[in-house]
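Student: Let me give you the structure first, and then I'll get to my questions.
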Amino acid sequence: MAIFSVYVVNKAGGLIYQLDSYAPRAEAEKTFSYPLDLLLKLHDERVLVAFGQRDGIRVGHAVLAINGKDVNGKYTADGKEVLEYLGNPANYPVSVRFGRPRLTSNEKLMLASMFHSLFAIGSQLSPEQGSSGIEMLETDTFKLHCFQTLTGIKFVVLADPRQAGIDSLLRKIYEIYSDFALKNPFYSLEMPIRCELFDQNLKLALEVAEKAGTFGPGS
Amino acid sequence: MYGMLFSIRSFVSKMSPLDMKDGFLAFQTSRYKLHYYETPTGIKVVMNTDLGVGPIRDVLHHIYSALYVELVVKNPLCPLGQTVQSELFRSRLDSYIRSLPFFSARAG
């Protein structure tokens with residue numbers, strides 16, 4: 001699972017394709033009794049942990065499920081508000097699952113546009129003339145690679161920092177895009193890509209790249 | 001640049017598939033590489049280098065701990081939060097950078 005996700009961004013900065021292929025993130029489920037020794041806060045329609053890191057539950061983790069039933073944003077599966085439910089001692093003991101919140105598709109759209117602007121600013125901040133935009137962004141948990149084509153389409157791949165061969169993977173994705181999306185007569189340019197052959201071939205290419213990649217975990 | 005780095009930091013924290021310890025480290029384009037180091041107090045050390053330079057987090061940490069903290073923070077005449085005017089800091093920083101193995105006076 002060394003390649004985490006693929007994003008394709010069009011000329012205007014809008015997300016036209018997105019694929020996530022990583023293993024489930026670390027989640028922790030614990031049974032609590034009243035009072036809850038974590039401080040929860042409501043943020044962006046989700047209930048997040050604000051204070052009280054312990055046992056695999058970190059600050060920033062979201063409430064994913066209560067008593068086995070997935071929560072829906074800030075409401076439980078029954079429609080009650082999570083914070084109210086957890087503040088009522090009559091509902092305890094309760095088993096709550098915490099984990100890193102998954103991105104909603106709106107958030108992915110926003111992040112894609114944000115990256116589009118950061119890419120452009122990266123080229124302007126350059127101390128030397130004629131720089132391209134951000135081609136690689138490195139953190140301690142992932143590496144983001146970006147390839148911008150001559151037509152302005154950006155292919156963005158998030159992978160493990162030790163994964164090699166992403167440059168050739170980006171070129172391969174460009175090839176797959178031109179073969180299965182552009183040559184498709186029913187596909188309009190700059191619109192979201194909904195071509196099955198593109199999906200299939202992209203997944204195949206990701207598998208090949210992961211196997212041929214570095215000697216990281218899972219290879 | 002500050003706005004760009006702030007946006008990159010929040011972008012990275014949202015995108016990351018796992019919990020991050022150090023956060024955003026560096027980014028590179030076709031011409032330069034920008035290295036970033038932030039202290040828990042909010043001081044950010046940024047260095048722009050050539051593409052051939054590898055991870056220099058410890059260099060940036062040294063600049064913070066051995067140069068900034070020693071020469072600016074501990075200097076009673078340097079008001080914190082404002083532009084650093086200290087000539088000593090400037091000259092020590094300059095000689096430190098020149099002594100780094102990847103610093104070489106390229107022609108052009």
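Chain labels follow the order of the structure tokens: the first chain is A, the next B, and so on; residue numbering restarts at 1 in every chain, and ligands are counted from 1 in their shown order.
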Please determine the contact residues of chain A with respect to chain B at a cut-off of 10 Å, counting only C-alpha atoms, and supply them as number ranges by chain.
Tutor: A: 4-5, 22-26, 58-61, 99-103, 107-108, 110-112, 114-115, 117-119, 121-123, 125-146, 158-160
Student: Using N, CA and C atoms, can you export the residues from the last selection as a compact mmCIF listing (two decimals), in the first residue's frame?
Tutor:
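The result, written out as again_7.txt:
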```txt
# COMPACT_ATOMS: atom_id res chain seq x y z
N PHE A 4 -0.65 6.06 -1.94
CA PHE A 4 -1.84 6.37 -1.17
C PHE A 4 -2.98 6.88 -2.03
N SER A 5 -2.72 7.88 -2.86
CA SER A 5 -3.82 8.34 -3.71
C SER A 5 -3.31 9.03 -4.95
N TYR A 22 -5.14 3.43 -0.15
CA TYR A 22 -4.32 3.00 0.99
C TYR A 22 -5.14 2.14 1.94
N ALA A 23 -4.40 1.43 2.78
CA ALA A 23 -5.04 0.57 3.78
C ALA A 23 -5.74 1.45 4.82
N PRO A 24 -6.68 0.91 5.54
CA PRO A 24 -7.39 1.73 6.52
C PRO A 24 -6.44 2.35 7.53
N ARG A 25 -6.76 3.55 7.93
CA ARG A 25 -5.89 4.28 8.85
C ARG A 25 -6.02 3.73 10.26
N ALA A 26 -5.11 4.12 11.10
CA ALA A 26 -5.11 3.65 12.48
C ALA A 26 -6.37 4.12 13.19
N ARG A 58 -5.22 10.31 19.34
CA ARG A 58 -4.42 11.53 19.31
C ARG A 58 -5.32 12.76 19.12
N VAL A 59 -4.74 13.90 19.38
CA VAL A 59 -5.47 15.15 19.14
C VAL A 59 -5.71 15.29 17.64
N GLY A 60 -6.91 15.63 17.27
CA GLY A 60 -7.22 15.74 15.85
C GLY A 60 -7.98 14.53 15.33
N HIS A 61 -8.01 13.45 16.09
CA HIS A 61 -8.81 12.31 15.66
C HIS A 61 -10.28 12.64 15.79
N GLY A 99 -10.48 7.89 15.16
CA GLY A 99 -9.48 7.65 14.13
C GLY A 99 -9.26 8.92 13.33
N ARG A 100 -8.29 8.87 12.41
CA ARG A 100 -8.04 10.01 11.55
C ARG A 100 -9.24 10.20 10.65
N PRO A 101 -9.80 11.40 10.58
CA PRO A 101 -11.00 11.57 9.76
C PRO A 101 -10.70 11.39 8.28
N ARG A 102 -11.61 10.72 7.58
CA ARG A 102 -11.45 10.60 6.13
C ARG A 102 -11.88 11.89 5.46
N LEU A 103 -11.28 12.19 4.32
CA LEU A 103 -11.64 13.41 3.62
C LEU A 103 -12.96 13.21 2.88
N GLU A 107 -14.01 18.25 0.56
CA GLU A 107 -12.68 18.62 1.07
C GLU A 107 -11.62 18.30 0.04
N LYS A 108 -11.81 17.17 -0.67
CA LYS A 108 -10.81 16.82 -1.68
C LYS A 108 -10.80 17.87 -2.79
N MET A 110 -11.55 20.98 -2.47
CA MET A 110 -10.90 22.17 -1.94
C MET A 110 -9.39 22.01 -1.90
N LEU A 111 -8.95 20.83 -1.48
CA LEU A 111 -7.51 20.60 -1.38
C LEU A 111 -6.87 20.61 -2.76
N ALA A 112 -7.59 20.10 -3.76
CA ALA A 112 -7.04 20.10 -5.12
C ALA A 112 -6.85 21.53 -5.60
N MET A 114 -6.50 24.14 -3.72
CA MET A 114 -5.45 24.74 -2.91
C MET A 114 -4.09 24.36 -3.47
N PHE A 115 -3.95 23.08 -3.84
CA PHE A 115 -2.66 22.67 -4.38
C PHE A 115 -2.38 23.36 -5.70
N SER A 117 -3.14 26.36 -6.54
CA SER A 117 -2.58 27.69 -6.28
C SER A 117 -1.16 27.61 -5.71
N LEU A 118 -0.94 26.63 -4.82
CA LEU A 118 0.39 26.49 -4.22
C LEU A 118 1.42 26.17 -5.29
N PHE A 119 1.01 25.36 -6.24
CA PHE A 119 1.88 25.00 -7.35
C PHE A 119 2.32 26.26 -8.09
N ILE A 121 2.30 29.42 -6.99
CA ILE A 121 3.13 30.30 -6.16
C ILE A 121 4.54 29.75 -6.04
N GLY A 122 4.64 28.41 -6.02
CA GLY A 122 5.97 27.78 -5.93
C GLY A 122 6.87 28.22 -7.06
N SER A 123 6.29 28.37 -8.25
CA SER A 123 7.13 28.79 -9.37
C SER A 123 7.49 30.27 -9.26
N LEU A 125 7.99 31.93 -6.39
CA LEU A 125 8.91 32.16 -5.27
C LEU A 125 10.34 31.83 -5.63
N SER A 126 10.54 31.30 -6.82
CA SER A 126 11.85 30.74 -7.16
C SER A 126 12.94 31.80 -7.18
N PRO A 127 14.08 31.51 -6.54
CA PRO A 127 15.21 32.44 -6.63
C PRO A 127 15.87 32.45 -8.00
N GLU A 128 15.56 31.45 -8.82
CA GLU A 128 16.16 31.44 -10.15
C GLU A 128 15.07 31.59 -11.19
N GLN A 129 15.48 31.99 -12.39
CA GLN A 129 14.51 32.18 -13.46
C GLN A 129 13.97 30.86 -13.97
N GLY A 130 12.77 30.91 -14.51
CA GLY A 130 12.26 29.78 -15.27
C GLY A 130 12.00 28.52 -14.48
N SER A 131 11.48 28.70 -13.27
CA SER A 131 11.21 27.50 -12.49
C SER A 131 9.83 26.96 -12.81
N SER A 132 9.68 25.64 -12.70
CA SER A 132 8.35 25.05 -12.85
C SER A 132 7.64 25.20 -11.51
N GLY A 133 6.45 24.65 -11.40
CA GLY A 133 5.77 24.67 -10.12
C GLY A 133 6.30 23.57 -9.22
N ILE A 134 5.62 23.32 -8.10
CA ILE A 134 6.07 22.33 -7.14
C ILE A 134 6.01 20.94 -7.78
N GLU A 135 7.17 20.28 -7.85
CA GLU A 135 7.16 18.94 -8.45
C GLU A 135 7.12 17.86 -7.38
N MET A 136 7.64 18.21 -6.20
CA MET A 136 7.66 17.20 -5.16
C MET A 136 7.56 17.89 -3.81
N LEU A 137 6.67 17.39 -2.96
CA LEU A 137 6.50 17.98 -1.64
C LEU A 137 6.72 16.86 -0.63
N GLU A 138 7.62 17.10 0.31
CA GLU A 138 8.01 16.01 1.19
C GLU A 138 7.59 16.27 2.63
N THR A 139 7.01 15.25 3.28
CA THR A 139 6.73 15.33 4.71
C THR A 139 7.27 14.04 5.31
N ASP A 140 7.06 13.85 6.61
CA ASP A 140 7.61 12.62 7.18
C ASP A 140 6.72 11.41 6.95
N THR A 141 5.44 11.62 6.59
CA THR A 141 4.58 10.45 6.38
C THR A 141 4.29 10.17 4.92
N PHE A 142 4.41 11.17 4.04
CA PHE A 142 4.15 10.90 2.64
C PHE A 142 4.94 11.86 1.76
N LYS A 143 5.02 11.50 0.48
CA LYS A 143 5.67 12.37 -0.50
C LYS A 143 4.64 12.63 -1.59
N LEU A 144 4.48 13.88 -1.97
CA LEU A 144 3.52 14.22 -3.00
C LEU A 144 4.30 14.56 -4.25
N HIS A 145 4.00 13.87 -5.36
CA HIS A 145 4.66 14.14 -6.63
C HIS A 145 3.65 14.75 -7.58
N CYS A 146 4.06 15.74 -8.36
CA CYS A 146 3.14 16.38 -9.28
C CYS A 146 3.78 16.48 -10.64
N LEU A 158 0.18 10.75 -4.25
CA LEU A 158 0.68 10.74 -2.88
C LEU A 158 1.20 9.35 -2.61
N ALA A 159 2.46 9.24 -2.18
CA ALA A 159 3.02 7.91 -1.96
C ALA A 159 3.86 7.90 -0.70
N ASP A 160 4.28 6.69 -0.32
CA ASP A 160 5.21 6.51 0.78
C ASP A 160 6.52 7.24 0.45
```
Student: Could you pull out the residues in stretch 8-182 of chain A that DSSP calls alpha helix (DSSP H) from the backbone, as a PyMOL selection string?
Tutor: chain A and resi 82-87+105-124+166-176
Student: Restricting it to C-alpha atoms, dump the selection as a PDB file, in the first residue's frame.
Tutor:
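result-v8.pdb, freshly written:
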```
ATOM      1  CA  VAL A  82     -22.861  13.382  19.419  1.00  0.00           C
ATOM      2  CA  LEU A  83     -21.701  15.946  21.971  1.00  0.00           C
ATOM      3  CA  GLU A  84     -25.064  15.888  23.712  1.00  0.00           C
ATOM      4  CA  TYR A  85     -25.122  12.116  23.708  1.00  0.00           C
ATOM      5  CA  LEU A  86     -21.664  11.879  25.215  1.00  0.00           C
ATOM      6  CA  GLY A  87     -22.480  14.528  27.813  1.00  0.00           C
ATOM      7  CA  SER A 105     -15.302  14.758  -1.560  1.00  0.00           C
ATOM      8  CA  ASN A 106     -15.880  18.457  -0.933  1.00  0.00           C
ATOM      9  CA  GLU A 107     -12.684  18.619   1.073  1.00  0.00           C
ATOM     10  CA  LYS A 108     -10.813  16.825  -1.681  1.00  0.00           C
ATOM     11  CA  LEU A 109     -12.071  19.386  -4.191  1.00  0.00           C
ATOM     12  CA  MET A 110     -10.897  22.172  -1.936  1.00  0.00           C
ATOM     13  CA  LEU A 111      -7.507  20.600  -1.379  1.00  0.00           C
ATOM     14  CA  ALA A 112      -7.035  20.097  -5.116  1.00  0.00           C
ATOM     15  CA  SER A 113      -7.714  23.790  -5.788  1.00  0.00           C
ATOM     16  CA  MET A 114      -5.446  24.738  -2.913  1.00  0.00           C
ATOM     17  CA  PHE A 115      -2.664  22.667  -4.377  1.00  0.00           C
ATOM     18  CA  HIS A 116      -3.244  24.242  -7.783  1.00  0.00           C
ATOM     19  CA  SER A 117      -2.577  27.691  -6.279  1.00  0.00           C
ATOM     20  CA  LEU A 118       0.394  26.495  -4.220  1.00  0.00           C
ATOM     21  CA  PHE A 119       1.881  25.004  -7.353  1.00  0.00           C
ATOM     22  CA  ALA A 120       1.673  28.371  -9.097  1.00  0.00           C
ATOM     23  CA  ILE A 121       3.130  30.304  -6.157  1.00  0.00           C
ATOM     24  CA  GLY A 122       5.968  27.784  -5.933  1.00  0.00           C
ATOM     25  CA  SER A 123       7.129  28.786  -9.374  1.00  0.00           C
ATOM     26  CA  GLN A 124       6.963  32.479  -8.499  1.00  0.00           C
ATOM     27  CA  ILE A 166       6.950   7.717  -9.211  1.00  0.00           C
ATOM     28  CA  ASP A 167       8.220   9.877 -12.079  1.00  0.00           C
ATOM     29  CA  SER A 168       7.731   7.068 -14.559  1.00  0.00           C
ATOM     30  CA  LEU A 169       4.377   6.310 -12.918  1.00  0.00           C
ATOM     31  CA  LEU A 170       3.272   9.909 -13.527  1.00  0.00           C
ATOM     32  CA  ARG A 171       4.225   9.637 -17.207  1.00  0.00           C
ATOM     33  CA  LYS A 172       2.358   6.321 -17.392  1.00  0.00           C
ATOM     34  CA  ILE A 173      -0.750   7.913 -15.867  1.00  0.00           C
ATOM     35  CA  TYR A 174      -0.523  10.653 -18.506  1.00  0.00           C
ATOM     36  CA  GLU A 175      -0.391   7.945 -21.190  1.00  0.00           C
ATOM     37  CA  ILE A 176      -3.396   6.164 -19.700  1.00  0.00           C
TER      38      ILE A 176
END
```
Student: So which residues of stretch 40-174 of chain A fall under strand (DSSP E) by DSSP, listed as an NGL selection string?
Tutor: :A and (40-43 or 46-51 or 62-66 or 69-70 or 94-99 or 136-139 or 143-148 or 154-159)
Student: Can you pull out every residue within 12 Å of stretch 72-81 of chain B, counting only C-alpha atoms, but drop anything in the same chain fewer than 5 positions away, and send it as a list in words?
Tutor: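 What passes the distance filter is Thr41, Gly42, Ile43, Lys44, Ile63, Tyr64, Ser65, Ala66, Leu67, Ser86, Glu87, Leu88, Phe89, Arg90, Arg92 and Leu93 of chain B.
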Student: Any idea what the distance is between atom CA of A:His43 and atom CA of A:Glu81?
Tutor: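 Separation of atom CA of A:His43 and atom CA of A:Glu81: 13.4 Å.
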Student: What is the atom CA of A:Gly152-atom CA of A:Val6 distance in Å, reported with one decimal?
Tutor: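 These two atoms are separated by 16.6 Å.
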